[in-house]
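S.K.: Below you'll find final11.cif; it's mmCIF, C-alpha atoms.
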```
data_data
#
loop_
_atom_site.label_atom_id
_atom_site.label_comp_id
_atom_site.auth_asym_id
_atom_site.auth_seq_id
_atom_site.Cartn_x
_atom_site.Cartn_y
_atom_site.Cartn_z
CA MET F 360 -7.67 9.92 39.76
CA LYS F 361 -4.99 8.26 37.61
CA ASN F 362 -7.60 7.54 34.94
CA ASN F 363 -8.81 11.11 35.03
CA LYS F 364 -5.24 12.41 34.49
CA ARG F 365 -4.76 10.01 31.59
CA ASN F 366 -8.06 11.24 30.09
CA ILE F 367 -6.96 14.87 30.35
CA LYS F 368 -3.58 14.00 28.73
CA THR F 369 -5.33 12.12 25.92
CA LYS F 370 -7.72 15.02 25.45
CA ASN F 371 -4.78 17.47 25.30
CA ASN F 372 -2.99 15.27 22.77
CA LEU F 373 -6.15 15.08 20.70
CA ASN F 374 -6.56 18.87 20.82
CA GLN F 375 -2.93 19.36 19.77
CA PHE F 376 -3.42 16.91 16.94
CA ILE F 377 -6.58 18.69 15.74
CA ILE F 378 -4.83 22.08 15.89
CA ALA F 379 -1.83 20.73 13.97
CA VAL F 380 -4.04 19.20 11.27
CA THR F 381 -6.06 22.44 11.03
CA ILE F 382 -2.85 24.48 10.61
CA ILE F 383 -1.60 22.13 7.89
CA ILE F 384 -4.94 22.26 6.02
CA LEU F 385 -5.07 26.06 6.33
CA SER F 386 -1.47 26.39 5.07
CA ILE F 387 -2.25 24.20 2.06
CA LEU F 388 -5.43 26.18 1.35
CA ILE F 389 -3.67 29.56 1.65
CA GLY F 390 -0.83 28.34 -0.58
CA TYR F 391 -3.29 27.05 -3.18
CA ILE F 392 -5.35 30.25 -3.19
CA THR F 393 -2.21 32.42 -3.50
CA LYS F 394 -0.94 30.29 -6.37
CA GLU F 395 -4.32 30.45 -8.14
CA ASN F 396 -4.36 34.25 -7.76
CA GLU F 397 -0.82 34.53 -9.10
CA LEU F 398 -1.77 32.34 -12.03
CA SER F 399 -4.92 34.28 -12.90
CA GLU F 400 -2.97 37.54 -12.57
CA ASP F 401 -0.35 36.14 -14.92
CA VAL F 402 -3.02 35.12 -17.39
CA SER F 403 -4.71 38.53 -17.40
CA ASN F 404 -1.36 40.30 -17.81
CA TYR F 405 -0.41 37.88 -20.50
CA ASN F 406 -3.65 38.40 -22.37
CA THR F 407 -3.15 42.11 -22.64
CA LYS F 408 0.26 41.77 -24.23
CA THR F 409 0.40 41.61 -27.98
CA ASN F 410 3.62 42.62 -29.61
CA ILE F 411 2.40 43.14 -33.13
CA ILE F 412 -0.15 45.92 -32.81
CA ASN F 413 0.72 48.89 -34.99
CA ASP F 414 0.01 52.50 -34.16
CA THR F 415 -2.92 53.10 -36.47
CA ASN F 416 -6.04 54.16 -34.62
CA ILE F 417 -9.62 54.48 -35.80
CA ASN F 418 -9.32 58.26 -35.22
CA ASP F 419 -6.47 58.42 -37.76
CA ILE F 420 -8.73 57.09 -40.50
CA PRO F 421 -10.68 59.74 -42.38
CA GLU F 422 -14.36 59.19 -43.20
CA TYR F 423 -14.90 57.30 -46.44
CA SER F 424 -15.09 59.80 -49.28
CA GLY F 425 -15.46 57.71 -52.40
CA GLU F 426 -12.00 56.09 -52.62
CA ILE F 427 -12.03 52.53 -51.30
CA VAL F 428 -8.22 52.52 -50.82
CA ILE F 429 -6.29 55.32 -49.19
CA THR F 430 -2.58 55.65 -48.43
CA ILE F 431 -1.38 55.73 -44.84
CA ASN F 432 1.84 57.34 -43.52
CA ASN F 433 3.00 58.32 -47.03
CA ASP F 434 2.83 54.64 -47.99
CA ILE F 435 5.55 53.75 -45.47
CA PRO F 436 4.76 50.69 -43.34
CA TYR F 437 5.18 50.99 -39.57
CA PHE F 438 7.54 48.03 -39.23
CA GLU F 439 10.36 48.43 -36.76
CA GLU F 440 13.98 47.38 -37.08
CA LYS F 441 13.36 44.40 -34.78
CA ASP F 442 10.68 43.11 -37.19
CA ILE F 443 13.15 42.72 -40.07
CA SER F 444 14.11 39.07 -40.25
CA ASN F 445 14.44 36.21 -42.68
CA GLU F 446 12.68 33.74 -40.39
CA ASP F 447 9.42 32.30 -41.78
CA PHE F 448 6.56 33.03 -39.39
CA GLU F 449 2.87 33.81 -39.17
CA TYR F 450 1.34 35.38 -36.07
CA TYR F 451 -2.41 35.51 -35.56
CA SER F 452 -4.00 37.44 -32.69
CA ASN F 453 -6.30 35.69 -30.28
CA LEU F 454 -9.94 36.63 -30.88
CA ASP F 455 -10.98 39.47 -28.62
CA GLU F 456 -13.77 39.19 -26.01
CA LEU F 457 -16.32 39.93 -28.73
CA GLY F 458 -14.94 37.15 -30.91
CA ARG F 459 -13.35 39.54 -33.43
CA ALA F 460 -10.15 38.82 -35.31
CA GLY F 461 -7.17 41.05 -34.61
CA VAL F 462 -3.82 41.81 -36.21
CA ALA F 463 -2.15 39.16 -38.36
CA PHE F 464 1.54 39.46 -39.11
CA ALA F 465 3.70 37.24 -41.29
CA ASN F 466 7.03 36.99 -43.03
CA ILE F 467 5.91 35.65 -46.37
CA CYS F 468 8.23 33.50 -48.45
CA LYS F 469 7.97 30.55 -50.84
CA TYR F 470 7.68 28.14 -47.92
CA THR F 471 4.63 29.82 -46.40
CA MET F 472 2.75 29.73 -49.72
CA PRO F 473 0.59 26.78 -50.77
CA PRO F 474 1.97 24.15 -53.15
CA LYS F 475 1.42 24.71 -56.87
CA ASP F 476 -1.95 23.69 -58.29
CA THR F 477 -3.53 23.32 -54.84
CA LYS F 478 -7.17 24.29 -54.62
CA ARG F 479 -8.40 26.09 -51.55
CA GLY F 480 -11.00 24.26 -49.47
CA SER F 481 -14.38 25.76 -48.63
CA LEU F 482 -14.91 27.93 -45.56
CA SER F 483 -17.46 27.26 -42.85
CA TYR F 484 -16.61 29.66 -40.02
CA LYS F 485 -18.81 32.73 -39.69
CA PRO F 486 -16.77 35.71 -38.50
CA THR F 487 -18.43 38.44 -36.42
CA GLY F 488 -20.88 40.58 -38.36
CA TRP F 489 -21.65 37.78 -40.79
CA GLU F 490 -25.16 38.84 -41.84
CA GLN F 491 -25.11 37.76 -45.44
CA TYR F 492 -27.23 39.76 -47.87
CA LEU F 493 -28.17 38.16 -51.18
CA TYR F 494 -29.43 40.36 -53.98
CA GLY F 495 -29.69 40.78 -57.74
CA GLU F 496 -31.37 38.48 -60.20
CA ASN F 497 -32.26 35.20 -58.48
CA LYS F 498 -30.30 36.50 -55.49
CA SER F 499 -27.12 35.52 -57.27
CA LYS F 500 -25.01 38.32 -55.81
CA HIS F 501 -23.73 38.49 -52.25
CA LEU F 502 -22.66 41.37 -50.09
CA TYR F 503 -20.16 39.70 -47.78
CA GLU F 504 -17.19 37.44 -48.17
CA ARG F 505 -15.02 35.74 -45.59
CA CYS F 506 -11.80 37.70 -46.01
CA HIS F 507 -8.48 36.17 -45.05
CA LEU F 508 -6.25 38.61 -43.23
CA ILE F 509 -3.16 36.80 -44.47
CA ALA F 510 -4.30 35.69 -47.90
CA TRP F 511 -4.51 31.97 -48.49
CA GLN F 512 -2.16 32.35 -51.46
CA LEU F 513 0.45 33.82 -49.09
CA GLY F 514 0.07 31.80 -45.89
CA ASN F 515 -1.83 28.62 -46.83
CA GLU F 516 -4.11 29.31 -43.85
CA ASN F 517 -7.73 28.69 -44.71
CA ASN F 518 -10.39 28.04 -42.09
CA ASN F 519 -8.49 29.66 -39.21
CA LYS F 520 -10.89 31.83 -37.16
CA ARG F 521 -8.08 34.16 -36.21
CA ASN F 522 -7.39 34.84 -39.88
CA LEU F 523 -10.93 35.58 -41.05
CA LEU F 524 -13.17 38.60 -40.95
CA THR F 525 -16.39 39.66 -42.59
CA GLY F 526 -15.72 41.99 -45.48
CA THR F 527 -17.68 43.29 -48.41
CA SER F 528 -16.93 41.76 -51.80
CA GLN F 529 -15.59 45.17 -52.84
CA MET F 530 -13.14 45.25 -49.93
CA ASN F 531 -12.01 41.70 -50.64
CA SER F 532 -11.37 42.53 -54.31
CA ALA F 533 -9.28 45.53 -53.28
CA MET F 534 -7.29 43.38 -50.84
CA ILE F 535 -6.51 40.82 -53.54
CA GLU F 536 -4.74 43.49 -55.60
CA TYR F 537 -2.20 44.05 -52.80
CA GLU F 538 -1.89 40.38 -51.96
CA ASN F 539 -0.97 39.75 -55.60
CA ILE F 540 1.82 42.33 -55.44
CA VAL F 541 3.40 40.34 -52.60
CA ALA F 542 2.80 36.93 -54.17
CA ASN F 543 4.21 38.04 -57.52
CA TRP F 544 7.36 39.42 -55.88
CA ILE F 545 8.02 36.17 -54.05
CA LYS F 546 7.39 34.13 -57.20
CA LEU F 547 9.64 36.39 -59.27
CA LYS F 548 12.48 36.06 -56.78
CA ASN F 549 11.90 32.33 -56.52
CA LYS F 550 12.45 32.08 -60.28
CA GLU F 551 15.82 33.72 -59.67
CA ASN F 552 16.48 31.01 -57.05
CA LYS F 553 16.22 33.56 -54.26
CA ASP F 554 14.31 32.61 -51.12
CA TYR F 555 13.19 36.13 -50.34
CA HIS F 556 10.74 37.42 -47.72
CA VAL F 557 8.09 40.11 -47.48
CA LEU F 558 6.96 41.36 -44.08
CA TYR F 559 3.20 41.55 -44.27
CA ARG F 560 0.76 42.81 -41.65
CA VAL F 561 -3.01 43.20 -41.82
CA THR F 562 -4.81 45.12 -39.08
CA PRO F 563 -8.60 45.16 -38.90
CA ILE F 564 -9.83 48.42 -37.42
CA TYR F 565 -13.11 48.43 -35.49
CA LYS F 566 -15.03 51.34 -34.07
CA GLY F 567 -15.98 50.66 -30.44
CA GLU F 568 -17.73 47.33 -30.10
CA ASN F 569 -18.79 47.08 -33.74
CA LYS F 570 -18.92 43.54 -35.04
CA LEU F 571 -17.90 44.65 -38.50
CA ALA F 572 -14.54 46.29 -39.14
CA THR F 573 -14.52 49.80 -40.59
CA GLY F 574 -11.72 48.56 -42.80
CA ILE F 575 -8.28 47.02 -42.76
CA GLU F 576 -4.78 48.34 -42.96
CA ILE F 577 -2.30 46.39 -45.09
CA GLU F 578 1.42 46.99 -44.71
CA ALA F 579 4.14 45.22 -46.67
CA LYS F 580 7.89 45.50 -47.07
CA SER F 581 10.31 43.25 -48.91
CA VAL F 582 13.14 42.17 -46.60
CA GLU F 583 16.24 41.24 -48.58
CA GLU F 584 15.93 43.72 -51.42
CA GLU F 585 13.86 46.82 -52.11
CA GLY F 586 10.89 46.06 -54.31
CA VAL F 587 7.70 45.97 -52.29
CA SER F 588 6.66 48.64 -49.83
CA PHE F 589 3.21 49.96 -49.10
CA ASN F 590 0.83 51.00 -46.34
CA LYS F 591 -2.83 51.14 -47.35
CA PHE F 592 -6.21 51.34 -45.69
CA ILE F 593 -9.13 49.65 -47.40
CA TYR F 594 -12.66 50.62 -46.39
CA ASN F 595 -15.16 47.89 -45.70
CA ILE F 596 -17.83 49.44 -47.89
CA GLN F 597 -20.02 48.37 -50.76
CA ASP F 598 -21.53 50.73 -53.29
CA ASN F 599 -25.31 51.12 -52.99
CA PHE F 600 -25.40 49.56 -49.55
CA GLU F 601 -26.06 51.06 -46.17
CA ILE F 602 -24.25 48.96 -43.61
CA ASP F 603 -24.80 48.87 -39.86
CA TYR F 604 -21.25 48.21 -38.63
CA GLY F 605 -22.52 47.45 -35.14
CA THR F 606 -24.30 44.30 -36.31
CA GLY F 607 -23.28 43.68 -39.91
CA LYS F 608 -26.87 44.03 -41.10
CA ALA F 609 -27.22 45.92 -44.37
CA LYS F 610 -29.77 47.21 -46.82
CA LEU F 611 -29.60 47.91 -50.50
CA ILE F 612 -30.19 51.55 -51.44
CA GLU F 613 -30.89 51.89 -55.15
CA MET E 56 -30.72 -26.55 7.53
CA GLU E 57 -30.32 -22.87 8.25
CA LEU E 58 -27.44 -21.28 6.34
CA ASP E 59 -27.50 -17.90 8.08
CA ILE E 60 -25.78 -16.18 5.17
CA ASN E 61 -25.43 -12.87 7.01
CA LYS E 62 -23.32 -14.49 9.69
CA VAL E 63 -21.10 -16.10 7.06
CA ILE E 64 -20.62 -12.78 5.27
CA ASP E 65 -19.82 -11.05 8.55
CA LYS E 66 -17.18 -13.65 9.33
CA ILE E 67 -15.66 -13.42 5.86
CA THR E 68 -15.49 -9.63 5.90
CA GLN E 69 -13.84 -9.71 9.32
CA ASN E 70 -10.92 -11.50 7.73
CA ASP E 71 -8.21 -8.90 6.89
CA PHE E 72 -7.13 -10.57 3.68
CA ILE E 73 -10.68 -10.80 2.33
CA ASP E 74 -11.40 -7.25 3.45
CA ASN E 75 -8.31 -5.87 1.67
CA PHE E 76 -9.09 -7.91 -1.40
CA ILE E 77 -12.63 -6.52 -1.58
CA LYS E 78 -11.37 -2.97 -1.14
CA GLU E 79 -8.74 -3.33 -3.87
CA LEU E 80 -11.23 -4.99 -6.18
CA SER E 81 -13.72 -2.16 -5.63
CA ILE E 82 -11.07 0.48 -6.41
CA THR E 83 -9.93 -1.35 -9.55
CA LEU E 84 -13.49 -1.85 -10.75
CA GLU E 85 -14.27 1.81 -10.09
CA LYS E 86 -11.20 2.93 -12.03
CA TYR E 87 -12.07 0.60 -14.90
CA THR E 88 -15.67 1.81 -15.00
CA ASN E 89 -14.60 5.47 -14.92
CA LYS E 90 -12.11 4.86 -17.71
CA ASN E 91 -14.82 3.27 -19.83
CA VAL E 92 -17.30 6.01 -19.07
CA SER E 93 -14.86 8.76 -20.03
CA LYS E 94 -13.89 6.82 -23.15
CA VAL E 95 -17.53 6.62 -24.18
CA GLU E 96 -18.00 10.27 -23.31
CA GLY E 97 -14.90 11.10 -25.35
CA GLU E 98 -16.17 9.20 -28.37
CA ASN E 99 -19.59 10.83 -28.18
CA MET E 100 -18.05 14.20 -27.44
CA ASN E 101 -16.30 14.37 -30.83
CA GLU E 102 -19.66 13.84 -32.50
CA ILE E 103 -21.39 16.55 -30.51
CA GLU E 104 -21.42 19.87 -32.30
CA LEU E 105 -21.03 23.01 -30.25
CA THR E 106 -23.30 25.99 -30.75
CA THR E 107 -21.73 29.24 -31.94
CA GLU E 108 -21.61 30.61 -28.37
CA GLU E 109 -20.19 27.35 -27.02
CA GLU E 110 -17.58 27.30 -29.75
CA LEU E 111 -16.52 30.82 -28.86
CA GLU E 112 -16.23 29.79 -25.21
CA PHE E 113 -14.30 26.66 -26.19
CA ASP E 114 -11.89 28.64 -28.39
CA ARG E 115 -11.25 31.14 -25.63
CA LYS E 116 -10.65 28.47 -22.98
CA GLU E 117 -8.54 26.35 -25.30
CA PHE E 118 -6.40 29.37 -26.21
CA ASP E 119 -5.97 30.30 -22.53
CA PHE E 120 -5.01 26.74 -21.67
CA LEU E 121 -2.49 26.51 -24.51
CA GLN E 122 -1.06 29.90 -23.68
CA ASN E 123 -0.52 28.90 -20.03
CA TYR E 124 0.88 25.56 -21.10
CA PHE E 125 3.40 27.18 -23.46
CA LYS E 126 4.28 29.82 -20.91
CA ARG E 127 5.32 27.05 -18.53
CA GLU E 128 7.07 24.99 -21.18
CA LEU E 129 8.96 27.88 -22.74
CA SER E 130 10.28 29.06 -19.39
CA ASP E 131 12.40 25.90 -19.20
CA LEU E 132 14.15 25.01 -22.44
CA ASP E 133 16.19 22.15 -20.98
CA LYS E 134 14.03 19.61 -22.78
CA GLY E 135 14.04 21.66 -26.01
CA GLU E 136 11.63 24.25 -27.36
CA THR E 137 8.02 23.03 -27.34
CA TYR E 138 5.66 23.20 -30.33
CA ILE E 139 2.33 21.69 -31.29
CA VAL E 140 1.94 20.33 -34.82
CA THR E 141 -1.10 22.14 -36.22
CA ASP E 142 -1.07 22.00 -40.02
CA LYS E 143 0.02 19.80 -42.85
CA PHE E 144 0.42 21.17 -46.39
CA GLU E 145 -1.73 19.03 -48.66
CA ASN E 146 -0.30 17.86 -52.01
CA ASP E 147 3.08 19.22 -51.07
CA ASN E 148 5.23 16.90 -53.14
CA GLU E 149 8.07 19.40 -53.35
CA TYR E 150 8.84 20.47 -49.77
CA HIS E 151 6.72 18.17 -47.55
CA ARG E 152 5.83 20.90 -45.08
CA TYR E 153 3.98 21.13 -41.80
CA LYS E 154 3.33 24.06 -39.50
CA VAL E 155 4.32 23.92 -35.85
CA THR E 156 2.77 26.39 -33.44
CA GLN E 157 3.36 28.10 -30.12
CA TYR E 158 0.83 30.16 -28.18
CA LYS E 159 2.37 33.19 -26.52
CA ASP E 160 1.82 36.92 -25.98
CA ASN E 161 -1.85 36.43 -26.91
CA LEU E 162 -0.77 35.20 -30.33
CA GLU E 163 -0.89 31.98 -32.27
CA CYS E 164 2.65 31.80 -33.68
CA LYS E 165 3.13 29.43 -36.60
CA TYR E 166 6.39 28.30 -38.15
CA ILE E 167 7.25 26.06 -41.08
CA ALA E 168 8.69 22.62 -40.28
CA PHE E 169 9.81 20.09 -42.84
CA GLU E 170 8.80 16.44 -42.68
CA LYS E 171 12.45 15.34 -42.65
CA ASP E 172 12.97 17.21 -39.36
CA LEU E 173 9.81 15.89 -37.70
CA PRO E 174 9.34 12.48 -36.03
CA GLN E 175 8.23 9.62 -38.25
CA ASN E 176 4.45 9.22 -38.48
CA VAL E 177 3.92 12.63 -36.93
CA GLN E 178 0.24 13.48 -36.39
CA LEU E 179 -1.57 16.76 -36.13
CA ARG E 180 -1.91 17.88 -32.46
CA ASP E 181 1.31 16.06 -31.47
CA ILE E 182 3.60 17.90 -29.07
CA VAL E 183 7.19 18.01 -30.28
CA ARG E 184 10.38 19.44 -28.80
CA LYS E 185 12.97 21.07 -31.03
CA ILE E 186 16.52 20.06 -30.21
CA ASP E 187 19.39 20.95 -32.57
CA GLY E 188 17.01 21.65 -35.43
CA LYS E 189 15.17 18.31 -35.09
CA TYR E 190 11.78 17.77 -33.52
CA ILE E 191 11.35 14.99 -30.96
CA TYR E 192 7.91 13.53 -30.17
CA ASP E 193 6.75 13.93 -26.56
CA GLY E 194 4.10 11.30 -25.91
CA LEU E 195 3.29 12.28 -22.35
CA ALA E 196 2.89 15.96 -23.23
CA THR E 197 0.74 15.06 -26.25
CA GLU E 198 -1.56 13.00 -24.07
CA TYR E 199 -1.75 15.71 -21.41
CA VAL E 200 -2.61 18.46 -23.91
CA LYS E 201 -5.17 16.31 -25.77
CA ASP E 202 -6.86 15.23 -22.53
CA SER E 203 -6.94 18.78 -21.18
CA ILE E 204 -8.51 20.14 -24.37
CA ASN E 205 -11.04 17.29 -24.43
CA LYS E 206 -11.92 18.12 -20.84
CA ILE E 207 -12.55 21.75 -21.75
CA LYS E 208 -15.02 20.62 -24.40
CA GLN E 209 -16.58 18.04 -22.09
CA ASP E 210 -17.12 20.68 -19.39
CA ILE E 211 -18.88 22.95 -21.87
CA ILE E 212 -21.12 20.11 -23.04
CA ASN E 213 -21.87 19.09 -19.45
CA LYS E 214 -23.12 22.60 -18.70
CA ARG E 215 -26.06 22.11 -21.13
#
```
Go ahead and render the structure in this file as structure tokens.
M.R.:
Amino acid sequence: MKNNKRNIKTKNNLNQFIIAVTIIILSILIGYITKENELSEDVSNYNTKTNIINDTNINDIPEYSGEIVITINNDIPYFEEKDISNEDFEYYSNLDELGRAGVAFANICKYTMPPKDTKRGSLSYKPTGWEQYLYGENKSKHLYERCHLIAWQLGNENNNKRNLLTGTSQMNSAMIEYENIVANWIKLKNKENKDYHVLYRVTPIYKGENKLATGIEIEAKSVEEEGVSFNKFIYNIQDNFEIDYGTGKAKLIE
Amino acid sequence: MELDINKVIDKITQNDFIDNFIKELSITLEKYTNKNVSKVEGENMNEIELTTEEELEFDRKEFDFLQNYFKRELSDLDKGETYIVTDKFENDNEYHRYKVTQYKDNLECKYIAFEKDLPQNVQLRDIVRKIDGKYIYDGLATEYVKDSINKIKQDIINKR
């Protein structure tokens, strides 16, 4: 009888112990799951936030009509008061879910530019839509180039995936013209011993899920003194070529 | 003469000291073996090239990891503002520049840092903390970030 009572007591104790352990394990599990959910929620919210997107939309861009460069917003860049600063910075957007480069924004000055007489290294990364087309005599000409959003001569950023997109050689040449305006201004001011800045933003604009950008918008504004200010859109086109922007594949039309 | 080895082993293992010793030895050996295996994996891993799709996955996961890491670090500035050293200007005999980077708001944010303000013998991928304009090396954080990024790559390779 006494033994039986002791057995029942032991059994009760064991049950209580099992219940307690189960509660502890459940609490830990619930806490962990809640924390994981909070974290993944944070991440998804975080991923959608990008402070540097400008207001230009694909619908604002007229169809290409023969001019590779067009002026946007009366040539006035969309920078806001809060963007004006003399801090040196370069911001590159994370690649989107399709692996495409997004907005790049920088405050260019002599310190962001590469040292004198430095040669740029070769590029290996293939941005989305990289379907190279060789043509001409001995296939010596190429359709596409890896275009830096923030030019190497301005930001010393070379093989950064977030700073590269597939562009026609014609688009790249047009971009260089505007990059030179900025570089020349900085160099000119540097000669006057002035460490001046130019706000510079390049926004690739894609239609839907196209791998190839329709074109890019370039905005620039000198910070300390008036001198540089523009807002241009450059079409990603190449004369005599029909380009499938969805894939990047192209064909020569004589 | 009959040795009856099994009996001897039984008797030895019944001894608490021997039993504890064997357990500790097993744990230590296991740890040592694991360390060596992951070291070998790590060495091989750097030689393994990722396919385009794998690289895209790696970039995305690495960016997410870094963004979460910086979100945590930048919410508490008691130990200084955290950066990762990402670039060195080659042939920069005039200014001796590096770039230090933070990952936030879905952006890779790069800033210029001068060699004189960085720790001696600074390496790319080091984690540094900016305090009063100077950058201090954080060894533990550097190791944690490097290991975590290596693990991301290892996981992708293991999925093959």
S.K.: Here's the selection I'm unsure about, the PyMOL selection byres ((chain E) within 10 of (chain F)); applied to the file above, which residues does it give, as an mmCIF file with C-alpha atoms, in the frame of the given file?
M.R.:
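Written out: part.cif:
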```cif
data_model
loop_
_atom_site.group_PDB
_atom_site.id
_atom_site.type_symbol
_atom_site.label_atom_id
_atom_site.label_comp_id
_atom_site.auth_asym_id
_atom_site.auth_seq_id
_atom_site.Cartn_x
_atom_site.Cartn_y
_atom_site.Cartn_z
ATOM 1 C CA THR E 107 -21.730 29.240 -31.940
ATOM 2 C CA GLU E 108 -21.610 30.610 -28.370
ATOM 3 C CA LEU E 111 -16.520 30.820 -28.860
ATOM 4 C CA GLU E 112 -16.230 29.790 -25.210
ATOM 5 C CA ASP E 114 -11.890 28.640 -28.390
ATOM 6 C CA ARG E 115 -11.250 31.140 -25.630
ATOM 7 C CA PHE E 118 -6.400 29.370 -26.210
ATOM 8 C CA ASP E 119 -5.970 30.300 -22.530
ATOM 9 C CA PHE E 120 -5.010 26.740 -21.670
ATOM 10 C CA GLN E 122 -1.060 29.900 -23.680
ATOM 11 C CA ASN E 123 -0.520 28.900 -20.030
ATOM 12 C CA LYS E 126 4.280 29.820 -20.910
ATOM 13 C CA ASP E 142 -1.070 22.000 -40.020
ATOM 14 C CA LYS E 143 0.020 19.800 -42.850
ATOM 15 C CA PHE E 144 0.420 21.170 -46.390
ATOM 16 C CA GLU E 145 -1.730 19.030 -48.660
ATOM 17 C CA ASN E 146 -0.300 17.860 -52.010
ATOM 18 C CA ASP E 147 3.080 19.220 -51.070
ATOM 19 C CA ASN E 148 5.230 16.900 -53.140
ATOM 20 C CA GLU E 149 8.070 19.400 -53.350
ATOM 21 C CA TYR E 150 8.840 20.470 -49.770
ATOM 22 C CA HIS E 151 6.720 18.170 -47.550
ATOM 23 C CA ARG E 152 5.830 20.900 -45.080
ATOM 24 C CA TYR E 153 3.980 21.130 -41.800
ATOM 25 C CA LYS E 154 3.330 24.060 -39.500
ATOM 26 C CA THR E 156 2.770 26.390 -33.440
ATOM 27 C CA GLN E 157 3.360 28.100 -30.120
ATOM 28 C CA TYR E 158 0.830 30.160 -28.180
ATOM 29 C CA LYS E 159 2.370 33.190 -26.520
ATOM 30 C CA ASP E 160 1.820 36.920 -25.980
ATOM 31 C CA ASN E 161 -1.850 36.430 -26.910
ATOM 32 C CA LEU E 162 -0.770 35.200 -30.330
ATOM 33 C CA GLU E 163 -0.890 31.980 -32.270
ATOM 34 C CA CYS E 164 2.650 31.800 -33.680
ATOM 35 C CA LYS E 165 3.130 29.430 -36.600
ATOM 36 C CA TYR E 166 6.390 28.300 -38.150
ATOM 37 C CA ILE E 167 7.250 26.060 -41.080
ATOM 38 C CA ALA E 168 8.690 22.620 -40.280
ATOM 39 C CA PHE E 169 9.810 20.090 -42.840
#
```
S.K.: Any idea what the distance is between atom CA of Glu117 of chain E and atom CA of Thr137 of chain E?
M.R.: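 Atom-to-atom, atom CA of Glu117 of chain E and atom CA of Thr137 of chain E are spaced 17.0 Å apart.
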S.K.: Step by step, work through what the PyMOL selection byres ((chain F and resi 548) around 12) selects in the shown file, and finish by giving those residues as a compact mmCIF listing (two decimals) with C-alpha atoms, keeping the file's coordinate frame.
M.R.:
```
# COMPACT_ATOMS: atom_id res chain seq x y z
CA CYS F 468 8.23 33.50 -48.45
CA LYS F 469 7.97 30.55 -50.84
CA VAL F 541 3.40 40.34 -52.60
CA ALA F 542 2.80 36.93 -54.17
CA ASN F 543 4.21 38.04 -57.52
CA TRP F 544 7.36 39.42 -55.88
CA ILE F 545 8.02 36.17 -54.05
CA LYS F 546 7.39 34.13 -57.20
CA LEU F 547 9.64 36.39 -59.27
CA ASN F 549 11.90 32.33 -56.52
CA LYS F 550 12.45 32.08 -60.28
CA GLU F 551 15.82 33.72 -59.67
CA ASN F 552 16.48 31.01 -57.05
CA LYS F 553 16.22 33.56 -54.26
CA ASP F 554 14.31 32.61 -51.12
CA TYR F 555 13.19 36.13 -50.34
CA HIS F 556 10.74 37.42 -47.72
CA VAL F 557 8.09 40.11 -47.48
CA SER F 581 10.31 43.25 -48.91
CA VAL F 582 13.14 42.17 -46.60
CA GLU F 583 16.24 41.24 -48.58
CA GLU F 584 15.93 43.72 -51.42
CA GLU F 585 13.86 46.82 -52.11
CA GLY F 586 10.89 46.06 -54.31
CA VAL F 587 7.70 45.97 -52.29
```
S.K.: What does the PyMOL selection byres ((chain F and resi 576) around 9) select in this file, as a PDB file with C-alpha atoms, in the coordinates of the input?
M.R.:
```pdb
ATOM      1  CA  THR F 415      -2.920  53.100 -36.470  1.00  0.00           C
ATOM      2  CA  ILE F 431      -1.380  55.730 -44.840  1.00  0.00           C
ATOM      3  CA  ARG F 560       0.760  42.810 -41.650  1.00  0.00           C
ATOM      4  CA  VAL F 561      -3.010  43.200 -41.820  1.00  0.00           C
ATOM      5  CA  THR F 562      -4.810  45.120 -39.080  1.00  0.00           C
ATOM      6  CA  PRO F 563      -8.600  45.160 -38.900  1.00  0.00           C
ATOM      7  CA  ILE F 564      -9.830  48.420 -37.420  1.00  0.00           C
ATOM      8  CA  GLY F 574     -11.720  48.560 -42.800  1.00  0.00           C
ATOM      9  CA  ILE F 575      -8.280  47.020 -42.760  1.00  0.00           C
ATOM     10  CA  ILE F 577      -2.300  46.390 -45.090  1.00  0.00           C
ATOM     11  CA  GLU F 578       1.420  46.990 -44.710  1.00  0.00           C
ATOM     12  CA  ASN F 590       0.830  51.000 -46.340  1.00  0.00           C
ATOM     13  CA  LYS F 591      -2.830  51.140 -47.350  1.00  0.00           C
ATOM     14  CA  PHE F 592      -6.210  51.340 -45.690  1.00  0.00           C
ATOM     15  CA  ILE F 593      -9.130  49.650 -47.400  1.00  0.00           C
ATOM     16  CA  TYR F 594     -12.660  50.620 -46.390  1.00  0.00           C
TER      17      TYR F 594
END
```
S.K.: Counting all atoms listed in the file, select every polymer residue within 8 Å of (-16.8, 19.5, -26.5) as defined in the file's coordinates, and provide the selection as a list of chain:residue names.
M.R.: E:Met100, E:Asn101, E:Ile103, E:Glu104, E:Leu105, E:Phe113, E:Asn205, E:Lys206, E:Ile207, E:Lys208, E:Gln209, E:Asp210, E:Ile211, E:Ile212
S.K.: What box, with edges along x, y and z, holds each listed atom of segment 123-129 of chain E when 4 Å is added on every side, and can you state its centre and edge lengths in Å to one decimal, as JSON?
M.R.:
```
{"center_x": 4.2, "center_y": 27.4, "center_z": -21.0, "size_x": 17.5, "size_y": 12.8, "size_z": 12.9}
```
S.K.: Quick one: pull the distance between atom CA of Leu502 of chain F and atom CA of Asn416 of chain F, Å, one decimal.
M.R.: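 Separation between atom CA of Leu502 of chain F and atom CA of Asn416 of chain F: 26.1 Å.
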S.K.: So which residues fall inside 9 Å of (-20.2, 39.1, -35.6) if we count all atoms listed in the file? Mind giving them as an MDAnalysis selection string?
M.R.: chainID F and resid 457:459 485:490 524:525 569:571 605:607
S.K.: Using atom CA of Gln529 of chain F and atom CA of Phe438 of chain F as the two end points, give the distance in Å to one decimal.
M.R.: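 Between atom CA of Gln529 of chain F and atom CA of Phe438 of chain F the gap works out to 27.0 Å.
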